[in-house]
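**Q** Here you go, upload-v6.cif (mmCIF, C-alpha atoms):
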data_my_file
loop_
_atom_site.label_atom_id
_atom_site.label_comp_id
_atom_site.auth_asym_id
_atom_site.auth_seq_id
_atom_site.Cartn_x
_atom_site.Cartn_y
_atom_site.Cartn_z
CA MET A 285 62.69 64.51 27.56
CA LEU A 286 65.21 66.18 29.86
CA VAL A 287 68.78 67.32 29.08
CA VAL A 288 70.98 68.09 32.10
CA LYS A 289 74.33 69.88 31.93
CA VAL A 290 76.50 69.73 35.04
CA GLY A 291 79.60 71.90 35.30
CA GLY A 292 83.09 70.78 36.18
CA SER A 293 84.14 73.39 38.71
CA GLU A 294 85.45 72.57 42.17
CA GLY A 295 82.91 71.77 44.88
CA ILE A 296 80.09 70.23 42.83
CA ASP A 297 78.35 67.35 44.62
CA TYR A 298 78.21 64.69 41.90
CA ASP A 299 76.83 62.05 44.29
CA ALA A 300 73.78 64.21 45.03
CA LEU A 301 73.36 64.82 41.30
CA CYS A 302 73.47 61.11 40.51
CA ASP A 303 71.02 60.36 43.34
CA ASP A 304 68.51 62.74 41.74
CA ILE A 305 69.14 61.42 38.23
CA ALA A 306 68.66 57.83 39.41
CA THR A 307 65.32 58.75 41.00
CA LEU A 308 64.15 60.43 37.80
CA TRP A 309 65.34 57.51 35.69
CA ARG A 310 63.53 54.94 37.81
CA ASN A 311 60.37 57.02 37.45
CA GLY A 312 60.56 56.76 33.67
CA GLN A 313 62.20 60.10 32.82
CA ARG A 314 64.20 59.95 29.57
CA LEU A 315 67.39 61.91 30.13
CA VAL A 316 70.75 62.88 28.61
CA LEU A 317 73.56 64.12 30.85
CA VAL A 318 76.25 66.49 29.52
CA HIS A 319 79.17 67.24 31.82
CA GLY A 320 82.15 69.51 32.28
CA GLY A 321 85.55 68.90 33.85
CA SER A 322 87.36 72.23 33.93
CA HIS A 323 88.76 72.02 37.46
CA GLU A 324 90.28 68.59 36.98
CA THR A 325 91.60 69.59 33.55
CA ASN A 326 93.37 72.59 35.05
CA GLN A 327 94.94 70.39 37.74
CA VAL A 328 96.14 67.74 35.30
CA ALA A 329 97.45 70.31 32.83
CA THR A 330 99.47 72.00 35.55
CA GLN A 331 100.86 68.66 36.76
CA LEU A 332 101.90 67.84 33.18
CA GLY A 333 103.76 71.14 32.83
CA HIS A 334 101.26 72.71 30.46
CA PRO A 335 99.14 74.99 32.69
CA PRO A 336 95.88 76.42 31.33
CA ARG A 337 95.85 79.73 29.51
CA PHE A 338 92.73 81.87 29.54
CA VAL A 339 92.19 84.65 27.02
CA THR A 340 89.67 87.47 26.64
CA SER A 341 87.93 88.29 23.36
CA PRO A 342 87.37 91.87 22.13
CA SER A 343 83.75 91.50 23.34
CA GLY A 344 84.97 90.70 26.88
CA TYR A 345 84.30 86.94 26.87
CA THR A 346 86.93 84.88 28.72
CA SER A 347 87.66 81.33 27.55
CA ARG A 348 90.32 78.63 27.60
CA TYR A 349 92.89 78.83 24.81
CA THR A 350 93.08 75.33 23.36
CA ASP A 351 96.28 74.52 21.53
CA ARG A 352 96.86 70.91 20.43
CA ARG A 353 98.52 69.84 23.69
CA THR A 354 95.69 71.38 25.71
CA LEU A 355 93.18 69.53 23.53
CA GLU A 356 94.95 66.23 24.25
CA ILE A 357 94.79 66.90 28.00
CA PHE A 358 91.16 67.97 27.62
CA MET A 359 90.31 64.66 25.93
CA MET A 360 92.25 62.74 28.59
CA VAL A 361 90.18 64.24 31.40
CA TYR A 362 86.77 64.83 29.82
CA CYS A 363 86.57 61.55 27.88
CA GLY A 364 88.40 59.64 30.61
CA SER A 365 88.14 60.25 34.34
CA ALA A 366 85.39 62.91 34.30
CA ASN A 367 83.10 60.90 32.03
CA LYS A 368 83.73 57.49 33.54
CA SER A 369 83.41 58.65 37.14
CA LEU A 370 79.87 59.83 36.37
CA VAL A 371 79.11 56.58 34.56
CA GLU A 372 80.44 54.64 37.55
CA ARG A 373 78.30 56.60 40.00
CA LEU A 374 75.18 56.04 37.91
CA GLN A 375 75.90 52.33 37.46
CA GLN A 376 76.22 52.03 41.25
CA ARG A 377 72.67 53.40 41.41
CA GLN A 378 71.35 50.82 38.90
CA VAL A 379 71.21 53.31 36.03
CA ASN A 380 72.55 51.80 32.80
CA ALA A 381 74.65 54.83 31.86
CA LEU A 382 76.78 54.85 28.72
CA GLY A 383 79.64 57.34 28.41
CA LEU A 384 80.63 58.85 25.08
CA SER A 385 81.97 62.08 23.66
CA GLY A 386 80.75 64.27 20.85
CA ILE A 387 83.34 62.82 18.47
CA ASP A 388 82.01 59.28 18.94
CA GLY A 389 79.64 58.31 16.15
CA GLN A 390 79.72 61.93 14.94
CA LEU A 391 77.42 62.79 17.81
CA LEU A 392 78.39 66.47 17.66
CA HIS A 393 79.63 68.13 14.48
CA GLY A 394 81.25 71.54 14.63
CA LYS A 395 83.21 74.15 12.76
CA ARG A 396 86.76 74.80 13.90
CA LYS A 397 87.84 78.31 14.79
CA ALA A 398 91.44 78.03 13.60
CA THR A 399 92.25 81.57 14.71
CA ILE A 400 90.82 83.69 17.48
CA ARG A 401 91.13 87.38 18.31
CA ILE A 402 92.04 88.35 21.85
CA ILE A 403 92.83 91.41 23.90
CA GLU A 404 96.14 91.18 25.73
CA GLN A 405 97.78 94.09 27.57
CA GLY A 406 95.35 96.45 25.89
CA ARG A 407 96.22 95.32 22.37
CA GLN A 408 94.27 93.13 19.96
CA LYS A 409 96.10 89.98 18.84
CA VAL A 410 95.38 86.94 16.67
CA LEU A 411 96.08 83.49 18.10
CA ARG A 412 96.56 80.56 15.74
CA ASP A 413 96.63 76.80 16.34
CA ASP A 414 93.34 76.98 18.20
CA TRP A 415 91.30 73.79 18.54
CA THR A 416 87.93 75.13 19.63
CA GLY A 417 84.71 75.08 17.68
CA THR A 418 80.97 75.65 17.66
CA VAL A 419 78.37 72.88 17.47
CA GLU A 420 76.41 73.02 14.22
CA GLN A 421 74.84 69.56 14.00
CA VAL A 422 73.72 66.82 16.41
CA ASN A 423 73.35 63.14 15.60
CA ALA A 424 69.97 62.90 17.30
CA PRO A 425 69.15 59.40 15.93
CA LEU A 426 72.18 58.00 17.79
CA LEU A 427 70.99 59.43 21.11
CA GLN A 428 67.43 58.29 20.43
CA LEU A 429 68.67 54.77 19.67
CA LEU A 430 70.56 54.62 22.97
CA LEU A 431 67.57 55.95 24.90
CA GLU A 432 65.21 53.48 23.25
CA GLN A 433 67.53 50.63 24.25
CA GLY A 434 67.45 51.70 27.89
CA TYR A 435 70.78 53.55 28.13
CA LEU A 436 71.35 56.94 29.72
CA PRO A 437 73.88 58.81 27.54
CA VAL A 438 76.61 60.68 29.46
CA VAL A 439 78.22 63.09 26.99
CA ALA A 440 81.62 64.78 27.12
CA PRO A 441 81.51 68.07 25.17
CA LEU A 442 83.83 67.53 22.24
CA ALA A 443 82.84 67.77 18.60
CA GLY A 444 84.26 66.56 15.31
CA SER A 445 85.13 68.88 12.45
CA ASP A 446 84.65 68.31 8.70
CA GLN A 447 88.18 66.85 8.70
CA GLY A 448 87.41 64.53 11.62
CA GLU A 449 89.44 66.62 14.06
CA ALA A 450 88.44 66.74 17.72
CA LEU A 451 87.31 70.17 18.92
CA ASN A 452 86.82 71.65 22.35
CA VAL A 453 83.28 73.08 22.42
CA ASP A 454 81.37 74.97 25.09
CA GLY A 455 79.51 72.48 27.29
CA ASP A 456 76.47 74.67 27.89
CA ARG A 457 76.05 75.30 24.16
CA ALA A 458 76.56 71.61 23.41
CA ALA A 459 73.81 70.74 25.89
CA ALA A 460 71.54 73.36 24.32
CA ALA A 461 72.20 71.90 20.86
CA ILE A 462 71.33 68.41 22.09
CA ALA A 463 68.16 69.71 23.76
CA VAL A 464 67.04 71.37 20.53
CA ALA A 465 67.85 68.32 18.39
CA LEU A 466 65.93 66.00 20.74
CA ARG A 467 63.11 68.51 21.19
CA ALA A 468 63.56 68.21 24.92
CA ASP A 469 60.91 69.58 27.25
CA THR A 470 63.53 70.94 29.64
CA LEU A 471 67.21 71.95 29.58
CA LEU A 472 68.70 72.15 33.07
CA LEU A 473 72.10 73.81 33.59
CA LEU A 474 73.69 73.00 36.96
CA SER A 475 76.66 75.04 38.17
CA ASN A 476 78.27 76.45 41.30
CA VAL A 477 77.58 80.04 40.23
CA PRO A 478 74.42 81.92 41.24
CA GLY A 479 73.15 82.29 37.68
CA LEU A 480 72.94 84.98 35.01
CA LEU A 481 73.90 88.36 36.46
CA GLN A 482 72.87 91.74 35.10
CA SER A 483 75.97 93.36 36.61
CA PHE A 484 78.73 90.76 37.07
CA PRO A 485 79.97 89.95 39.72
CA ASP A 486 77.17 91.54 41.77
CA GLU A 487 75.07 88.54 42.88
CA ALA A 488 72.24 90.89 43.86
CA SER A 489 71.73 91.53 40.14
CA LEU A 490 70.63 87.92 39.50
CA ILE A 491 68.15 87.57 36.63
CA PRO A 492 65.73 84.85 37.81
CA GLN A 493 63.90 84.29 34.53
CA ILE A 494 64.18 85.05 30.81
CA ARG A 495 61.23 84.51 28.53
CA ALA A 496 62.08 83.02 25.14
CA PRO A 497 60.40 84.65 22.13
CA ILE A 498 57.56 82.48 20.90
CA SER A 499 57.69 83.58 17.26
CA LYS A 500 61.32 82.55 16.67
CA PRO A 501 63.14 79.19 17.05
CA ILE A 502 65.65 79.00 19.90
CA CYS A 503 68.58 77.89 17.75
CA PRO A 504 67.60 77.95 14.04
CA MET A 505 71.09 76.91 12.90
CA LEU A 506 71.00 73.61 14.78
CA LYS A 507 69.63 70.54 13.12
CA ALA A 508 69.58 66.82 13.74
CA ALA A 509 71.77 64.58 11.61
#
Show me the file's structure as structure tokens.

**A**
Amino acid sequence: MLVVKVGGSEGIDYDALCDDIATLWRNGQRLVLVHGGSHETNQVATQLGHPPRFVTSPSGYTSRYTDRRTLEIFMMVYCGSANKSLVERLQQRQVNALGLSGIDGQLLHGKRKATIRIIEQGRQKVLRDDWTGTVEQVNAPLLQLLLEQGYLPVVAPLAGSDQGEALNVDGDRAAAAIAVALRADTLLLLSNVPGLLQSFPDEASLIPQIRAPISKPICPMLKAA
């Protein structure tokens, strides 16, 4: 079992990706594809007069601030053009891909972070009306059913909250949650960045390999539905 996460930054060769996936699929590899769409989302948001806003947490992590309007644009791109363009490419290569998001069939369940703390102009602030979350549960039987019926799931990284609200969740973490729930042999993260850097942005500080501890589970909080 293989889970692949492809980013959504500018310059990614999706045709080459789908060529490789089609070859693996024809050779009997069971596979789930999780995708991003950040570059297109930024473009569409700007065109709609609601440009993206990025914020930095007290720990130094930079992320997209997702108010309700941003979430609607996010769903428009991720669940629409980004997802369906990958499905189209795979169908053209005789791969029976099926596009869905994490809110479909409660595929991904998460907890909403209604407020977030940020650092802005050297001061700590609290932002409300945030629509991001963290994946806590995966509906693995749904993915297994699709795979058993010969479909290749193409997943947009949204999740549903306890109240049924759509949440913007980190794509890499969503892919990791799916990999754990399906007990995948391999999780492959594809991006246009060199990898994990010891001293960002120095590319010479690339960390080529990290050994996972054997005695502890990778993500003990994640469980299949």

**Q** Could you spell out the hits of the PyMOL selection byres ((chain A and resi 355) around 9) on the shown file, as a PyMOL selection string?

**A** chain A and resi 350-354+356-360+415-416+450-452

**Q** Would you kindly return, as an MDAnalysis selection string, each protein, DNA or RNA residue with an atom no farther than 10 Å from any atom of range 425-437 of chain A, considering all atoms listed in the file and excluding same-chain residues fewer than 2 positions away?

**A** chainID A and resid 305 309 314:318 371 374 379:385 388:391 422:423 439:440 462 465:466 508:509

**Q** How many Å separate CA of Thr399 in chain A from CA of Ser445 in chain A?

**A** 14.7 Å

**Q** Of the residues A:Ala398, A:Val419, A:Leu473, A:Val438, which is the one nearest to Cys302 in chain A, using only C-alpha atoms?

**A**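 Of A:Ala398, A:Val419, A:Leu473, A:Val438, the one nearest Cys302 in chain A is A:Val438, counting only C-alpha atoms.
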
**Q** Looking at all atoms listed in the file, which of A:Val339, A:Asn311, A:Arg412, A:Asp297 is the one that sits closest to Arg373 in chain A?

**A** A:Asp297

**Q** Which one is closest to Ser341 in chain A: A:Leu481, A:Ile403, A:Glu449, A:Ala424? Count all atoms listed in the file.

**A**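 When distances to Ser341 in chain A are compared using all atoms listed in the file, the smallest one comes from A:Ile403.
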
**Q** For this file, the PyMOL selection byres ((chain A and resi 321) around 12) selects which residues, as a PDB file with C-alpha atoms, in the frame of the given file?

**A**
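Result saved to part-v7.pdb:
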ATOM      1  CA  LYS A 289      74.330  69.880  31.930  1.00  0.00           C
ATOM      2  CA  VAL A 290      76.500  69.730  35.040  1.00  0.00           C
ATOM      3  CA  GLY A 291      79.600  71.900  35.300  1.00  0.00           C
ATOM      4  CA  GLY A 292      83.090  70.780  36.180  1.00  0.00           C
ATOM      5  CA  SER A 293      84.140  73.390  38.710  1.00  0.00           C
ATOM      6  CA  GLU A 294      85.450  72.570  42.170  1.00  0.00           C
ATOM      7  CA  GLY A 295      82.910  71.770  44.880  1.00  0.00           C
ATOM      8  CA  ILE A 296      80.090  70.230  42.830  1.00  0.00           C
ATOM      9  CA  TYR A 298      78.210  64.690  41.900  1.00  0.00           C
ATOM     10  CA  VAL A 318      76.250  66.490  29.520  1.00  0.00           C
ATOM     11  CA  HIS A 319      79.170  67.240  31.820  1.00  0.00           C
ATOM     12  CA  GLY A 320      82.150  69.510  32.280  1.00  0.00           C
ATOM     13  CA  SER A 322      87.360  72.230  33.930  1.00  0.00           C
ATOM     14  CA  HIS A 323      88.760  72.020  37.460  1.00  0.00           C
ATOM     15  CA  GLU A 324      90.280  68.590  36.980  1.00  0.00           C
ATOM     16  CA  THR A 325      91.600  69.590  33.550  1.00  0.00           C
ATOM     17  CA  ASN A 326      93.370  72.590  35.050  1.00  0.00           C
ATOM     18  CA  GLN A 327      94.940  70.390  37.740  1.00  0.00           C
ATOM     19  CA  VAL A 328      96.140  67.740  35.300  1.00  0.00           C
ATOM     20  CA  ILE A 357      94.790  66.900  28.000  1.00  0.00           C
ATOM     21  CA  PHE A 358      91.160  67.970  27.620  1.00  0.00           C
ATOM     22  CA  MET A 359      90.310  64.660  25.930  1.00  0.00           C
ATOM     23  CA  MET A 360      92.250  62.740  28.590  1.00  0.00           C
ATOM     24  CA  VAL A 361      90.180  64.240  31.400  1.00  0.00           C
ATOM     25  CA  TYR A 362      86.770  64.830  29.820  1.00  0.00           C
ATOM     26  CA  CYS A 363      86.570  61.550  27.880  1.00  0.00           C
ATOM     27  CA  GLY A 364      88.400  59.640  30.610  1.00  0.00           C
ATOM     28  CA  SER A 365      88.140  60.250  34.340  1.00  0.00           C
ATOM     29  CA  ALA A 366      85.390  62.910  34.300  1.00  0.00           C
ATOM     30  CA  ASN A 367      83.100  60.900  32.030  1.00  0.00           C
ATOM     31  CA  LYS A 368      83.730  57.490  33.540  1.00  0.00           C
ATOM     32  CA  SER A 369      83.410  58.650  37.140  1.00  0.00           C
ATOM     33  CA  LEU A 370      79.870  59.830  36.370  1.00  0.00           C
ATOM     34  CA  VAL A 439      78.220  63.090  26.990  1.00  0.00           C
ATOM     35  CA  ALA A 440      81.620  64.780  27.120  1.00  0.00           C
ATOM     36  CA  PRO A 441      81.510  68.070  25.170  1.00  0.00           C
ATOM     37  CA  LEU A 442      83.830  67.530  22.240  1.00  0.00           C
ATOM     38  CA  ASN A 452      86.820  71.650  22.350  1.00  0.00           C
ATOM     39  CA  ASP A 454      81.370  74.970  25.090  1.00  0.00           C
ATOM     40  CA  GLY A 455      79.510  72.480  27.290  1.00  0.00           C
ATOM     41  CA  SER A 475      76.660  75.040  38.170  1.00  0.00           C
TER      42      SER A 475
END

**Q** So what do you get for CA of Leu392 in chain A versus CA of Pro478 in chain A, distance-wise?

**A**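 CA of Pro478 in chain A lies at a distance of 28.5 Å from CA of Leu392 in chain A.
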
**Q** One decimal, Å: what's the distance from CA of Glu420 in chain A over to CA of Leu474 in chain A, could you say?

**A** 22.9 Å

**Q** For Ala443 in chain A, which residue out of A:Ile494, A:Val464, A:Ala329, A:Ile387 is the nearest one, using only C-alpha atoms?

**A**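 Counting only C-alpha atoms, the residue closest to Ala443 in chain A is A:Ile387.
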
**Q** Pick from A:Lys409, A:Lys395, A:Arg377, A:Arg310: nearest to Pro342 in chain A, with only C-alpha atoms counted?

**A**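 Checking each of A:Lys409, A:Lys395, A:Arg377, A:Arg310 against Pro342 in chain A, counting only C-alpha atoms, the winner is A:Lys409.
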
**Q** Closest to Gly444 in chain A among A:Gly479, A:Gly417, A:Pro492, A:Pro485, using only C-alpha atoms?

**A**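 Among the listed residues, A:Gly417 lies closest to Gly444 in chain A.
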
**Q** Which residues match the PyMOL selection byres ((chain A and resi 491) around 7) in the file above, as a list in words?

**A**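 Taken over the shown coordinates, the PyMOL selection byres ((chain A and resi 491) around 7) returns Leu480, Leu481, Gln482, Ser489, Leu490, Pro492 and Gln493 of chain A.
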